[in-house]
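A.B. asks: This one is start_26.cif, mmCIF, C-alpha atoms and all ligand atoms.
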data_query
#
loop_
_atom_site.label_atom_id
_atom_site.label_comp_id
_atom_site.auth_asym_id
_atom_site.auth_seq_id
_atom_site.Cartn_x
_atom_site.Cartn_y
_atom_site.Cartn_z
CA MET A 861 0.00 0.00 0.00
CA THR A 862 1.36 3.43 -0.86
CA ASP A 863 1.48 6.41 1.49
CA SER A 864 -1.25 7.99 -0.56
CA ASN A 865 -3.69 5.23 0.31
CA LEU A 866 -2.76 5.45 3.95
CA GLN A 867 -3.22 9.18 4.10
CA LEU A 868 -6.45 9.28 2.15
CA LYS A 869 -8.02 7.60 5.13
CA ASN A 870 -7.22 10.60 7.36
CA LYS A 871 -10.18 12.61 8.48
CA VAL A 872 -10.54 15.43 5.98
CA ILE A 873 -11.33 18.86 7.36
CA PRO A 874 -14.27 20.11 5.28
CA ILE A 875 -14.15 23.43 3.43
CA LYS A 876 -16.89 25.89 4.39
CA ALA A 877 -19.44 26.45 1.60
CA GLN A 878 -18.65 30.14 1.10
CA PHE A 879 -14.97 29.36 0.46
CA GLN A 880 -15.39 26.47 -1.95
CA ALA A 881 -15.08 28.60 -5.10
CA ILE A 882 -11.88 30.17 -3.74
CA PHE A 883 -10.18 26.82 -3.09
CA LYS A 884 -11.53 25.20 -6.26
CA ASP A 885 -8.18 25.19 -8.05
CA ILE A 886 -6.01 24.74 -4.99
CA ILE A 887 -5.54 21.03 -4.52
CA GLY A 888 -5.25 19.93 -0.92
CA HIS A 889 -7.07 16.88 0.38
CA GLY A 890 -4.62 15.94 3.13
CA THR A 891 -4.55 17.37 6.63
CA ALA A 892 -1.51 19.61 5.96
CA MET A 893 -3.24 21.71 3.27
CA ARG A 894 -6.63 21.61 4.99
CA LYS A 895 -4.99 23.30 7.97
CA ILE A 896 -3.76 26.05 5.62
CA PHE A 897 -7.26 26.44 4.14
CA ARG A 898 -8.64 26.77 7.66
CA ILE A 899 -6.17 29.59 8.43
CA VAL A 900 -7.11 31.36 5.17
CA GLU A 901 -10.80 31.14 6.14
CA LYS A 902 -10.05 32.57 9.57
CA VAL A 903 -7.82 35.47 8.50
CA ALA A 904 -9.79 36.39 5.39
CA LYS A 905 -12.13 38.93 6.94
CA SER A 906 -9.48 40.67 9.02
CA ASP A 907 -6.82 43.11 7.84
CA THR A 908 -4.04 41.30 9.67
CA THR A 909 -0.60 41.06 8.13
CA ILE A 910 0.24 37.57 6.91
CA LEU A 911 3.70 36.09 6.46
CA LEU A 912 3.78 33.12 4.10
CA ASN A 913 6.78 30.88 4.44
CA GLY A 914 7.66 27.82 2.41
CA GLU A 915 10.06 26.33 -0.09
CA THR A 916 9.96 27.36 -3.73
CA GLY A 917 6.89 26.13 -5.61
CA THR A 918 4.82 25.28 -2.52
CA GLY A 919 2.02 27.68 -3.51
CA LYS A 920 2.78 30.89 -1.60
CA GLY A 921 1.58 33.04 -4.51
CA LEU A 922 -1.54 30.95 -4.89
CA ILE A 923 -2.44 31.22 -1.18
CA ALA A 924 -1.74 34.99 -1.14
CA ARG A 925 -4.31 35.41 -3.94
CA ALA A 926 -6.77 33.14 -2.14
CA ILE A 927 -6.53 35.27 1.01
CA HIS A 928 -7.24 38.37 -1.04
CA LYS A 929 -10.18 36.75 -2.85
CA ALA A 930 -11.66 35.54 0.42
CA SER A 931 -11.34 39.00 2.02
CA GLY A 932 -13.71 41.94 1.98
CA ARG A 933 -11.19 43.59 -0.38
CA SER A 934 -11.72 41.14 -3.24
CA ASP A 935 -13.16 43.79 -5.58
CA GLN A 936 -10.16 46.06 -4.91
CA PRO A 937 -6.68 45.59 -6.46
CA PHE A 938 -4.31 42.75 -5.60
CA VAL A 939 -0.85 44.14 -6.30
CA GLN A 940 2.22 41.94 -6.34
CA ILE A 941 5.80 43.08 -6.11
CA ASN A 942 8.77 40.76 -6.26
CA CYS A 943 11.42 42.17 -3.94
CA GLY A 944 13.95 39.62 -5.19
CA ALA A 945 13.63 40.00 -8.95
CA THR A 946 13.21 43.80 -9.24
CA PRO A 947 16.58 45.59 -9.68
CA GLU A 948 17.63 47.30 -6.45
CA GLY A 949 17.63 50.82 -7.92
CA LEU A 950 14.07 50.43 -9.21
CA LEU A 951 12.46 48.98 -6.10
CA GLU A 952 11.92 52.23 -4.22
CA SER A 953 10.14 53.90 -7.13
CA GLU A 954 8.21 50.68 -7.80
CA PHE A 955 7.03 50.64 -4.18
CA PHE A 956 6.34 54.32 -3.62
CA GLY A 957 6.10 55.87 -7.09
CA TYR A 958 7.89 59.05 -8.12
CA ARG A 959 7.43 62.71 -8.97
CA ARG A 960 8.22 64.07 -12.39
CA GLY A 961 11.91 65.01 -12.57
CA ALA A 962 12.90 62.87 -9.55
CA PHE A 963 15.52 61.18 -11.73
CA THR A 964 16.53 60.98 -15.38
CA GLY A 965 13.68 59.42 -17.30
CA ALA A 966 10.99 60.43 -14.75
CA THR A 967 9.07 62.46 -17.32
CA ALA A 968 5.71 62.26 -15.53
CA ASP A 969 4.36 61.53 -12.04
CA LYS A 970 3.85 57.86 -11.41
CA ALA A 971 2.01 56.03 -8.63
CA GLY A 972 3.83 53.18 -6.88
CA LYS A 973 2.48 49.78 -5.92
CA PHE A 974 1.48 50.87 -2.39
CA GLU A 975 -0.67 53.61 -3.89
CA ILE A 976 -2.19 51.35 -6.54
CA ALA A 977 -3.03 48.79 -3.85
CA LYS A 978 -5.17 51.32 -1.96
CA GLY A 979 -8.18 49.56 -0.46
CA GLY A 980 -6.82 46.22 -1.64
CA THR A 981 -3.91 43.93 -0.86
CA ILE A 982 -0.21 44.32 -1.51
CA PHE A 983 1.76 41.10 -1.86
CA LEU A 984 5.42 41.57 -1.00
CA ASP A 985 6.98 38.49 -2.54
CA GLU A 986 10.50 37.32 -1.60
CA ILE A 987 10.62 39.86 1.21
CA GLY A 988 13.77 38.25 2.62
CA ASP A 989 15.71 39.53 -0.39
CA MET A 990 15.02 43.22 0.28
CA SER A 991 17.95 45.62 0.87
CA ALA A 992 18.57 47.13 4.32
CA ASP A 993 17.69 50.56 2.98
CA LEU A 994 14.31 49.50 1.66
CA GLN A 995 13.57 47.55 4.82
CA VAL A 996 13.61 50.83 6.76
CA LYS A 997 11.17 52.43 4.32
CA VAL A 998 8.80 49.47 4.28
CA LEU A 999 8.88 49.36 8.09
CA ARG A 1000 7.66 52.94 8.16
CA VAL A 1001 4.73 52.10 5.86
CA LEU A 1002 3.84 49.17 8.09
CA GLU A 1003 4.08 51.23 11.28
CA GLU A 1004 2.55 54.50 10.17
CA GLY A 1005 0.67 53.62 7.01
CA GLU A 1006 2.32 56.46 5.09
CA PHE A 1007 5.10 57.24 2.63
CA GLU A 1008 6.27 59.77 0.05
CA ARG A 1009 6.85 59.31 -3.66
CA VAL A 1010 10.51 59.42 -4.72
CA GLY A 1011 11.32 63.11 -5.24
CA GLY A 1012 8.06 64.23 -3.58
CA ASN A 1013 7.27 65.79 -0.18
CA GLU A 1014 3.58 65.09 0.00
CA THR A 1015 2.77 62.32 2.49
CA ILE A 1016 0.53 59.64 1.04
CA LYS A 1017 -1.58 57.37 3.23
CA THR A 1018 -2.16 53.74 2.45
CA ASP A 1019 -4.51 51.19 3.95
CA ALA A 1020 -3.37 48.26 1.80
CA ARG A 1021 -3.41 44.91 3.54
CA ILE A 1022 0.05 43.37 3.64
CA ILE A 1023 0.80 39.80 2.70
CA ALA A 1024 4.49 38.96 2.60
CA ALA A 1025 6.18 35.77 1.42
CA THR A 1026 9.63 34.28 1.56
CA HIS A 1027 11.36 30.95 1.06
CA ARG A 1028 14.00 32.00 3.60
CA ASP A 1029 14.04 31.36 7.33
CA LEU A 1030 13.53 35.00 8.35
CA GLU A 1031 14.32 34.35 12.01
CA GLU A 1032 17.71 33.02 10.95
CA GLU A 1033 18.20 36.03 8.63
CA VAL A 1034 17.52 38.29 11.64
CA GLN A 1035 20.14 36.44 13.67
CA LYS A 1036 22.64 36.74 10.82
CA GLY A 1037 21.96 40.48 10.70
CA ASN A 1038 20.49 40.40 7.18
CA PHE A 1039 16.93 41.27 8.15
CA ARG A 1040 15.74 43.95 10.57
CA GLU A 1041 14.30 42.54 13.78
CA ASP A 1042 11.67 45.29 14.09
CA LEU A 1043 10.44 44.64 10.55
CA PHE A 1044 10.41 40.91 11.24
CA TYR A 1045 8.10 41.39 14.24
CA ARG A 1046 5.82 43.70 12.23
CA LEU A 1047 5.42 40.98 9.61
CA TYR A 1048 5.36 38.04 11.97
CA VAL A 1049 1.75 38.52 13.07
CA ILE A 1050 0.21 35.45 11.49
CA PRO A 1051 2.91 33.21 10.07
CA VAL A 1052 1.74 30.49 7.71
CA MET A 1053 4.14 27.68 6.88
CA LEU A 1054 3.30 25.95 3.62
CA PRO A 1055 4.10 22.23 3.58
CA THR A 1056 6.52 20.81 1.02
CA LEU A 1057 5.13 18.35 -1.50
CA LYS A 1058 7.16 15.61 0.19
CA GLU A 1059 5.20 16.29 3.37
CA ARG A 1060 1.89 15.82 1.61
CA LYS A 1061 2.41 12.87 -0.69
CA ALA A 1062 -1.29 12.02 -0.39
CA ASP A 1063 -2.08 15.05 -2.56
CA ILE A 1064 0.18 13.95 -5.43
CA PRO A 1065 -2.40 11.77 -7.28
CA TYR A 1066 -4.98 14.58 -6.97
CA LEU A 1067 -2.52 17.20 -8.24
CA VAL A 1068 -1.57 14.94 -11.14
CA ALA A 1069 -5.23 14.46 -12.11
CA HIS A 1070 -5.84 18.21 -11.82
CA PHE A 1071 -2.88 19.17 -14.03
CA ILE A 1072 -3.55 16.40 -16.59
CA GLU A 1073 -7.07 17.71 -17.02
CA GLN A 1074 -5.88 21.31 -17.21
CA PHE A 1075 -3.26 20.62 -19.88
CA ALA A 1076 -5.30 18.06 -21.84
CA VAL A 1077 -8.01 20.70 -22.33
CA LYS A 1078 -5.38 23.02 -23.85
CA LYS A 1079 -4.09 20.23 -26.10
CA GLU A 1080 -7.68 19.30 -26.99
CA SER A 1081 -6.94 15.63 -26.39
CA SER A 1082 -8.39 13.01 -24.08
CA PRO A 1083 -6.46 12.94 -20.80
CA ALA A 1084 -3.68 10.34 -20.47
CA LYS A 1085 -3.66 8.02 -17.45
CA PHE A 1086 -0.73 7.18 -15.20
CA SER A 1087 -0.02 3.49 -14.67
CA ASP A 1088 0.09 2.48 -10.98
CA GLU A 1089 3.85 1.95 -11.20
CA ALA A 1090 4.45 5.39 -12.71
CA MET A 1091 2.24 7.00 -10.03
CA LYS A 1092 4.18 5.17 -7.30
CA ILE A 1093 7.39 6.70 -8.67
CA LEU A 1094 5.88 10.19 -8.52
CA VAL A 1095 4.67 9.63 -4.95
CA ASN A 1096 8.12 8.45 -3.80
CA TYR A 1097 10.10 11.22 -5.51
CA SER A 1098 11.48 14.04 -3.33
CA TRP A 1099 10.16 17.03 -5.37
CA PRO A 1100 12.73 19.73 -4.52
CA GLY A 1101 10.79 22.15 -6.76
CA ASN A 1102 7.51 21.14 -5.09
CA VAL A 1103 4.18 21.67 -6.91
CA ARG A 1104 5.77 23.80 -9.64
CA GLU A 1105 8.14 20.95 -10.56
CA LEU A 1106 5.24 18.47 -10.66
CA LYS A 1107 3.11 20.85 -12.73
CA ASN A 1108 5.90 21.39 -15.28
CA LEU A 1109 6.48 17.64 -15.56
CA ILE A 1110 2.79 16.95 -16.20
CA GLU A 1111 2.62 19.69 -18.80
CA ARG A 1112 5.63 18.21 -20.62
CA LEU A 1113 4.18 14.69 -20.47
CA VAL A 1114 0.73 15.75 -21.66
CA VAL A 1115 2.17 17.73 -24.57
CA LEU A 1116 4.68 15.12 -25.70
CA HIS A 1117 2.97 11.86 -24.76
CA GLU A 1118 1.18 9.72 -27.29
CA GLY A 1119 -1.00 6.83 -26.20
CA GLU A 1120 -3.33 6.21 -23.35
CA HIS A 1121 -1.03 5.29 -20.47
CA ILE A 1122 1.98 7.01 -19.00
CA LEU A 1123 4.46 4.34 -17.90
CA PRO A 1124 7.59 4.46 -15.68
CA GLU A 1125 9.84 4.62 -18.76
CA ASP A 1126 8.06 7.81 -19.86
CA LEU A 1127 9.32 9.60 -16.71
CA PRO A 1128 12.67 11.45 -16.59
CA GLU A 1129 15.54 9.25 -15.43
CA LYS A 1130 16.38 11.58 -12.53
CA ILE A 1131 12.91 11.11 -11.03
CA ARG A 1132 13.03 7.33 -11.46
CA ILE A 1133 16.43 7.03 -9.76
CA VAL A 1134 15.69 9.31 -6.79
CA SER A 1135 12.30 7.69 -6.31
CA SER A 1136 13.57 4.10 -6.30
CA ARG A 1137 16.30 5.03 -3.85
CA ALA A 1138 13.67 6.59 -1.57
CA ALA A 1139 11.46 3.50 -1.85
CA ARG A 1140 14.36 1.26 -0.82
CA ARG A 1141 15.35 3.47 2.08
CA LYS A 1142 14.84 1.96 5.53
CA GLU A 1143 13.90 4.25 8.38
CA ILE A 1144 16.24 3.84 11.33
CA SER A 1145 14.82 5.09 14.63
CA SER A 1146 16.85 7.49 16.76
CA GLU A 1147 17.65 4.67 19.22
CA GLY A 1148 19.40 2.81 16.39
CA ILE A 1149 18.90 -0.81 15.36
CA SER A 1150 20.87 -4.02 15.73
CA PHE A 1151 22.59 -4.39 12.38
CA SER A 1152 23.13 -8.14 12.68
CA THR A 1153 19.50 -8.81 13.73
CA ALA A 1154 18.20 -6.72 10.82
CA VAL A 1155 20.43 -8.56 8.35
CA SER A 1156 19.34 -11.95 9.77
CA GLU A 1157 15.68 -10.95 9.44
CA PHE A 1158 16.25 -10.02 5.82
CA GLU A 1159 18.07 -13.29 5.18
CA LYS A 1160 15.22 -15.28 6.78
CA ALA A 1161 12.60 -13.46 4.70
CA LEU A 1162 14.52 -14.20 1.48
CA ILE A 1163 14.89 -17.88 2.32
CA ILE A 1164 11.18 -18.25 3.16
CA SER A 1165 10.21 -16.51 -0.09
CA ALA A 1166 12.49 -18.77 -2.15
CA LEU A 1167 11.20 -21.92 -0.38
CA ASP A 1168 7.55 -20.86 -0.82
CA GLN A 1169 8.16 -20.07 -4.45
CA SER A 1170 9.70 -23.52 -5.03
CA ASN A 1171 7.12 -25.46 -3.02
CA TRP A 1172 9.78 -26.19 -0.40
CA VAL A 1173 11.91 -28.11 -2.90
CA LYS A 1174 15.28 -27.20 -1.40
CA ASN A 1175 17.34 -27.80 -4.56
CA ARG A 1176 15.17 -25.34 -6.49
CA ALA A 1177 15.16 -22.77 -3.67
CA ALA A 1178 18.97 -22.92 -3.45
CA GLN A 1179 19.16 -22.34 -7.22
CA LEU A 1180 16.87 -19.30 -6.92
CA LEU A 1181 19.10 -17.84 -4.21
CA LYS A 1182 22.28 -18.88 -6.05
CA ILE A 1183 23.68 -20.66 -2.99
CA LYS A 1184 24.70 -24.31 -2.34
CA ARG A 1185 21.96 -26.69 -1.17
CA THR A 1186 24.06 -27.50 1.93
CA THR A 1187 24.30 -23.80 2.83
CA LEU A 1188 20.55 -23.47 2.50
CA VAL A 1189 19.90 -26.52 4.69
CA GLU A 1190 22.30 -25.15 7.32
CA LYS A 1191 20.46 -21.82 7.40
CA ILE A 1192 17.02 -23.46 7.57
CA LYS A 1193 18.24 -25.37 10.61
CA ARG A 1194 19.88 -22.34 12.22
CA TYR A 1195 16.78 -20.20 11.86
CA ASN A 1196 14.52 -23.13 12.67
CA LEU A 1197 12.39 -22.48 9.58
CA GLY A 1198 9.30 -24.48 8.70
CA LYS A 1199 6.40 -24.11 6.29
CA ASP A 1200 4.49 -22.10 8.90
CA SER A 1201 7.30 -19.65 9.66
CA GLU A 1202 6.39 -16.03 9.16
CA PRO A 1203 9.02 -13.68 7.74
CA GLY A 1204 10.26 -11.61 10.66
CA SER A 1205 9.23 -14.15 13.34
N1 LIG B 1 -2.11 23.25 -4.00
C1 LIG B 1 -1.98 23.55 -5.30
N2 LIG B 1 -2.94 23.20 -6.19
C2 LIG B 1 -2.80 23.49 -7.50
N3 LIG B 1 -1.76 24.16 -8.02
C3 LIG B 1 -0.78 24.55 -7.19
C4 LIG B 1 -0.84 24.27 -5.78
N4 LIG B 1 0.27 24.79 -5.19
C5 LIG B 1 0.98 25.35 -6.18
N5 LIG B 1 0.37 25.23 -7.37
C6 LIG B 1 0.86 25.70 -8.69
O1 LIG B 1 2.26 25.52 -8.68
C7 LIG B 1 2.94 26.65 -9.21
C8 LIG B 1 3.83 27.25 -8.15
O2 LIG B 1 3.04 27.88 -7.13
P1 LIG B 1 3.41 29.33 -6.55
O3 LIG B 1 3.97 30.19 -7.63
O4 LIG B 1 2.24 29.83 -5.81
O5 LIG B 1 4.58 28.87 -5.56
P2 LIG B 1 5.52 29.80 -4.66
O6 LIG B 1 5.59 29.16 -3.32
O7 LIG B 1 5.07 31.20 -4.76
O8 LIG B 1 6.93 29.59 -5.38
P3 LIG B 1 8.22 30.61 -5.41
O9 LIG B 1 8.81 30.60 -4.02
O10 LIG B 1 9.14 29.93 -6.37
O11 LIG B 1 7.71 31.90 -5.84
C9 LIG B 1 1.85 27.59 -9.68
O12 LIG B 1 1.64 27.37 -11.06
C10 LIG B 1 0.63 27.19 -8.89
O13 LIG B 1 -0.54 27.44 -9.60
MG MG B 2 5.94 32.87 -5.65
#
Represent the supplied structure as structure tokens.
C.D. replies:
Amino acid sequence: MTDSNLQLKNKVIPIKAQFQAIFKDIIGHGTAMRKIFRIVEKVAKSDTTILLNGETGTGKGLIARAIHKASGRSDQPFVQINCGATPEGLLESEFFGYRRGAFTGATADKAGKFEIAKGGTIFLDEIGDMSADLQVKVLRVLEEGEFERVGGNETIKTDARIIAATHRDLEEEVQKGNFREDLFYRLYVIPVMLPTLKERKADIPYLVAHFIEQFAVKKESSPAKFSDEAMKILVNYSWPGNVRELKNLIERLVVLHEGEHILPEDLPEKIRIVSSRAARRKEISSEGISFSTAVSEFEKALIISALDQSNWVKNRAAQLLKIKRTTLVEKIKRYNLGKDSEPGS
């Protein structure tokens, strides 16, 4: 039985009726995502600052939009700014806007993102990548709700709701001196930690079905099906790029695949190798295990399987295990094995 089957049996936290449309395209049947949905439902109607944390591709952008849609601000703008990707020199004018003549090329007044987001939500993505200088300015907006355009003296008020996101451990960044502590505490009102895909394997078959349908519609073809073996490989893979990596893979497969079933050999080699290594991995508890007992157990299980498979004809079983008949007989005696022995007993 795969993890997915095990986890599907978990009690699923239901989604409230008024939020169903908002979560329609956010796949999350397992407990980990249902907990996130529950937080979104709770924070939606307030103006509280939210800090979304999680590895790349875990759905921070998707959840930020869901919070906005679920809020009383849903008919007002949702404005996103990527603090990591925007060139340093441009960020300040992107955030706060500028007055005509503030710098070369500023030929007319321009509103910044905080101004555009008035009444709505501003999503500060990759906030951990912001420069020290900008951190001071953003802190002021958070504390006082006001700012000036670059090159302007007029104070502008903003009531935009703040949602910030980062893949970094901000607490650690504070300790390293890369992120202001006061700004951290301003943002750290309601922290939401998005689970990695590895932590919610139960959702993988649902995500696969969702993306296959989505991309098959675009291709105008009937959706391909994953064989059980291929699905097992996806469930066991480590997904360092999380949902984005899975989504990209499904898109590639749907576009390139011909035929009804997607088989293990259709998957990229990297995924097959990592997945089979993970499937073979044995969990060792923190107390440790007895190596020799574990090896003996494995040996016993192999011998019982070979004997069962050969109807307890010892010659045949020894051939299957590629050992001498005498060695096999010796081991059967040592482990005191009989037809009723259970592997592991
Ligand atoms: N639970 C989910 N259900 C359906 N699609 C999802 C889910 N989570 C993420 N996705 C999809 O995966 C992709 C990556 O999600 P998103 O951009 O929100 O991640 P992110 O955490 O913001 O990543 P990054 O840190 O790289 O910006 C998007 O295309 C998004 O639609
Ligand atoms: Mg993102």
A.B. asks: Need to verify the contact set: range 1105-1112 of chain A, 10 Å, all atoms listed in the file, exclusion of same-chain residues closer than 4 positions in sequence. Can you return it as a PyMOL selection string?
C.D. replies: chain A and resi 916-918+1057+1064+1067-1076+1079+1094+1099-1101+1116-1117+1127-1128
A.B. asks: Separation of atom O7 of ligand LIG 1 (chain B) and CA of Val1134 in chain A, in Å?
C.D. replies: 24.4 Å
A.B. asks: Name each residue within 6 Å of ligand LIG 1 (chain B), counting all atoms listed in the file, as a PyMOL selection string.
C.D. replies: chain A and resi 885-888+915-922+1027+1103-1104
A.B. asks: Looking at only C-alpha atoms, which of A:Lys1058, A:Arg1141, A:Lys902, A:Lys1174 is the one that sits closest to Thr1187 in chain A?
C.D. replies: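 The answer is A:Lys1174, which sits nearest to Thr1187 in chain A.
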A.B. asks: Just checking: using all atoms listed in the file, which residue out of A:Phe1086, A:Tyr1097, A:Phe897, A:Phe1007 ends up closest to Ile927 in chain A?
C.D. replies: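 Ranking A:Phe1086, A:Tyr1097, A:Phe897, A:Phe1007 by distance to Ile927 in chain A, first place goes to A:Phe897.
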A.B. asks: Looking at A:Pro1124, A:Gly1148, A:Pro1051, A:Pro1065, which one is nearest to Thr909 in chain A, with distances taken over only C-alpha atoms?
C.D. replies: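 Ranked by minimum distance to Thr909 in chain A, first place goes to A:Pro1051.
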A.B. asks: Taking (-8.7, 42.2, 9.2) in the file's own coordinates, collect the residues within 12 Å, counting all atoms listed in the file, and hand them back as a ChimeraX atom specification.
C.D. replies: /A:900-910,927-928,930-933,980-981,1019-1023,1049-1050
A.B. asks: Generate a file of the selected residues that holds C-alpha atoms, formatted as an mmCIF file, in the frame of the given file.
C.D. replies:
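The resulting out_30.cif:
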data_model
loop_
_atom_site.group_PDB
_atom_site.id
_atom_site.type_symbol
_atom_site.label_atom_id
_atom_site.label_comp_id
_atom_site.auth_asym_id
_atom_site.auth_seq_id
_atom_site.Cartn_x
_atom_site.Cartn_y
_atom_site.Cartn_z
ATOM 1 C CA VAL A 900 -7.110 31.360 5.170
ATOM 2 C CA GLU A 901 -10.800 31.140 6.140
ATOM 3 C CA LYS A 902 -10.050 32.570 9.570
ATOM 4 C CA VAL A 903 -7.820 35.470 8.500
ATOM 5 C CA ALA A 904 -9.790 36.390 5.390
ATOM 6 C CA LYS A 905 -12.130 38.930 6.940
ATOM 7 C CA SER A 906 -9.480 40.670 9.020
ATOM 8 C CA ASP A 907 -6.820 43.110 7.840
ATOM 9 C CA THR A 908 -4.040 41.300 9.670
ATOM 10 C CA THR A 909 -0.600 41.060 8.130
ATOM 11 C CA ILE A 910 0.240 37.570 6.910
ATOM 12 C CA ILE A 927 -6.530 35.270 1.010
ATOM 13 C CA HIS A 928 -7.240 38.370 -1.040
ATOM 14 C CA ALA A 930 -11.660 35.540 0.420
ATOM 15 C CA SER A 931 -11.340 39.000 2.020
ATOM 16 C CA GLY A 932 -13.710 41.940 1.980
ATOM 17 C CA ARG A 933 -11.190 43.590 -0.380
ATOM 18 C CA GLY A 980 -6.820 46.220 -1.640
ATOM 19 C CA THR A 981 -3.910 43.930 -0.860
ATOM 20 C CA ASP A 1019 -4.510 51.190 3.950
ATOM 21 C CA ALA A 1020 -3.370 48.260 1.800
ATOM 22 C CA ARG A 1021 -3.410 44.910 3.540
ATOM 23 C CA ILE A 1022 0.050 43.370 3.640
ATOM 24 C CA ILE A 1023 0.800 39.800 2.700
ATOM 25 C CA VAL A 1049 1.750 38.520 13.070
ATOM 26 C CA ILE A 1050 0.210 35.450 11.490
#
A.B. asks: Pick from A:Gln878, A:Asn913, A:Ser1152, A:Gln936: nearest to Tyr1048 in chain A, with all atoms listed in the file counted?
C.D. replies: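 For Tyr1048 in chain A, the nearest of the candidates is A:Asn913.
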A.B. asks: Give me, please, the distance in Å between CA of Tyr1195 in chain A and CA of Ser1156 in chain A, quoted to one decimal.
C.D. replies: 8.9 Å
A.B. asks: What are the centre and edge lengths in Å, to one decimal, of the axis-aligned box around all listed atoms of range 1121-1133 of chain A with 5 Å added on each side, as JSON?
C.D. replies:
{"center_x": 7.7, "center_y": 8.0, "center_z": -15.1, "size_x": 27.5, "size_y": 17.2, "size_z": 20.7}
A.B. asks: Quote the spacing between CA of Glu948 in chain A and CA of Arg1028 in chain A in Å to one decimal place.
C.D. replies: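 Those two atoms sit 18.7 Å apart.
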A.B. asks: When distances are computed from all atoms listed in the file, which of A:Lys997, A:Arg1060, A:Lys1193, A:Arg925 shows the smallest separation from ligand MG 2 (chain B)?
C.D. replies: A:Arg925
A.B. asks: What's the 6 Å shell around Ser1087 in chain A, counting only C-alpha atoms, without same-chain residues fewer than 3 positions away, as a ChimeraX atom specification?
C.D. replies: /A:1090,1122-1123
A.B. asks: Measuring atom to atom with all atoms listed in the file, identify which of A:Gly949, A:Gly944, A:Gly1005, A:Gly1037 is nearest to ligand MG 2 (chain B).
C.D. replies: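 Answer, going by the shortest atom-to-atom distance: A:Gly944.
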A.B. asks: Excluding Val1173 in chain A and residues on its chain fewer than 6 positions from it, collect all residues at most 12 Å away from it, counting all atoms listed in the file, and give them as a list in words.
C.D. replies: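 Listed by chain and then number, they are Ile1163, Ile1164, Ala1166, Leu1167, Gln1179, Leu1180, Arg1185, Leu1188, Val1189 and Lys1199 of chain A.
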A.B. asks: Give me, as a tab-separated table (two decimals) with C-alpha atoms, keeping the file's coordinate frame, all polymer residues having an atom no more than 6 Å from Glu986 in chain A, counting only C-alpha atoms and skipping those fewer than 3 positions away in the same chain.
C.D. replies:
chain	number	residue	atom	x	y	z
A	943	CYS	CA	11.42	42.17	-3.94
A	944	GLY	CA	13.95	39.62	-5.19
A	989	ASP	CA	15.71	39.53	-0.39
A	1025	ALA	CA	6.18	35.77	1.42
A	1026	THR	CA	9.63	34.28	1.56
A.B. asks: List every protein, DNA or RNA residue with an atom no more than 7 Å from (5.9, 46.5, -4.2) in the file's coordinates, counting only C-alpha atoms, and format the result as number ranges by chain.
C.D. replies: A: 940-942, 954-955, 973-974, 984
A.B. asks: Can you list, as JSON, numbers by chain, every protein, DNA or RNA residue that comes within 12 Å of Arg1137 in chain A when you count all atoms listed in the file, leaving out same-chain residues fewer than 3 positions away?
C.D. replies: {"A": [1093, 1096, 1097, 1098, 1130, 1131, 1132, 1133, 1134, 1140, 1141, 1142]}
A.B. asks: Just add N, CA and C atoms to range 1041-1050 of chain A and send it as an mmCIF file, in the frame of the given file.
C.D. replies:
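Listing of part-v4.cif after writing:
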data_model
loop_
_atom_site.group_PDB
_atom_site.id
_atom_site.type_symbol
_atom_site.label_atom_id
_atom_site.label_comp_id
_atom_site.auth_asym_id
_atom_site.auth_seq_id
_atom_site.Cartn_x
_atom_site.Cartn_y
_atom_site.Cartn_z
ATOM 1 N N GLU A 1041 15.140 43.229 12.794
ATOM 2 C CA GLU A 1041 14.300 42.540 13.780
ATOM 3 C C GLU A 1041 12.940 43.223 13.918
ATOM 4 N N ASP A 1042 12.951 44.576 13.911
ATOM 5 C CA ASP A 1042 11.670 45.290 14.090
ATOM 6 C C ASP A 1042 10.724 45.030 12.923
ATOM 7 N N LEU A 1043 11.279 44.935 11.714
ATOM 8 C CA LEU A 1043 10.440 44.640 10.550
ATOM 9 C C LEU A 1043 9.922 43.199 10.633
ATOM 10 N N PHE A 1044 10.807 42.320 11.085
ATOM 11 C CA PHE A 1044 10.410 40.910 11.240
ATOM 12 C C PHE A 1044 9.181 40.810 12.153
ATOM 13 N N TYR A 1045 9.233 41.495 13.305
ATOM 14 C CA TYR A 1045 8.100 41.390 14.240
ATOM 15 C C TYR A 1045 6.834 42.052 13.710
ATOM 16 N N ARG A 1046 6.985 43.071 12.871
ATOM 17 C CA ARG A 1046 5.820 43.700 12.230
ATOM 18 C C ARG A 1046 5.136 42.717 11.284
ATOM 19 N N LEU A 1047 5.966 41.926 10.600
ATOM 20 C CA LEU A 1047 5.420 40.980 9.610
ATOM 21 C C LEU A 1047 4.939 39.685 10.255
ATOM 22 N N TYR A 1048 5.597 39.339 11.350
ATOM 23 C CA TYR A 1048 5.360 38.040 11.970
ATOM 24 C C TYR A 1048 4.122 38.095 12.872
ATOM 25 N N VAL A 1049 2.981 38.449 12.279
ATOM 26 C CA VAL A 1049 1.750 38.520 13.070
ATOM 27 C C VAL A 1049 1.057 37.165 12.959
ATOM 28 N N ILE A 1050 0.746 36.792 11.718
ATOM 29 C CA ILE A 1050 0.210 35.450 11.490
ATOM 30 C C ILE A 1050 1.116 34.744 10.483
#
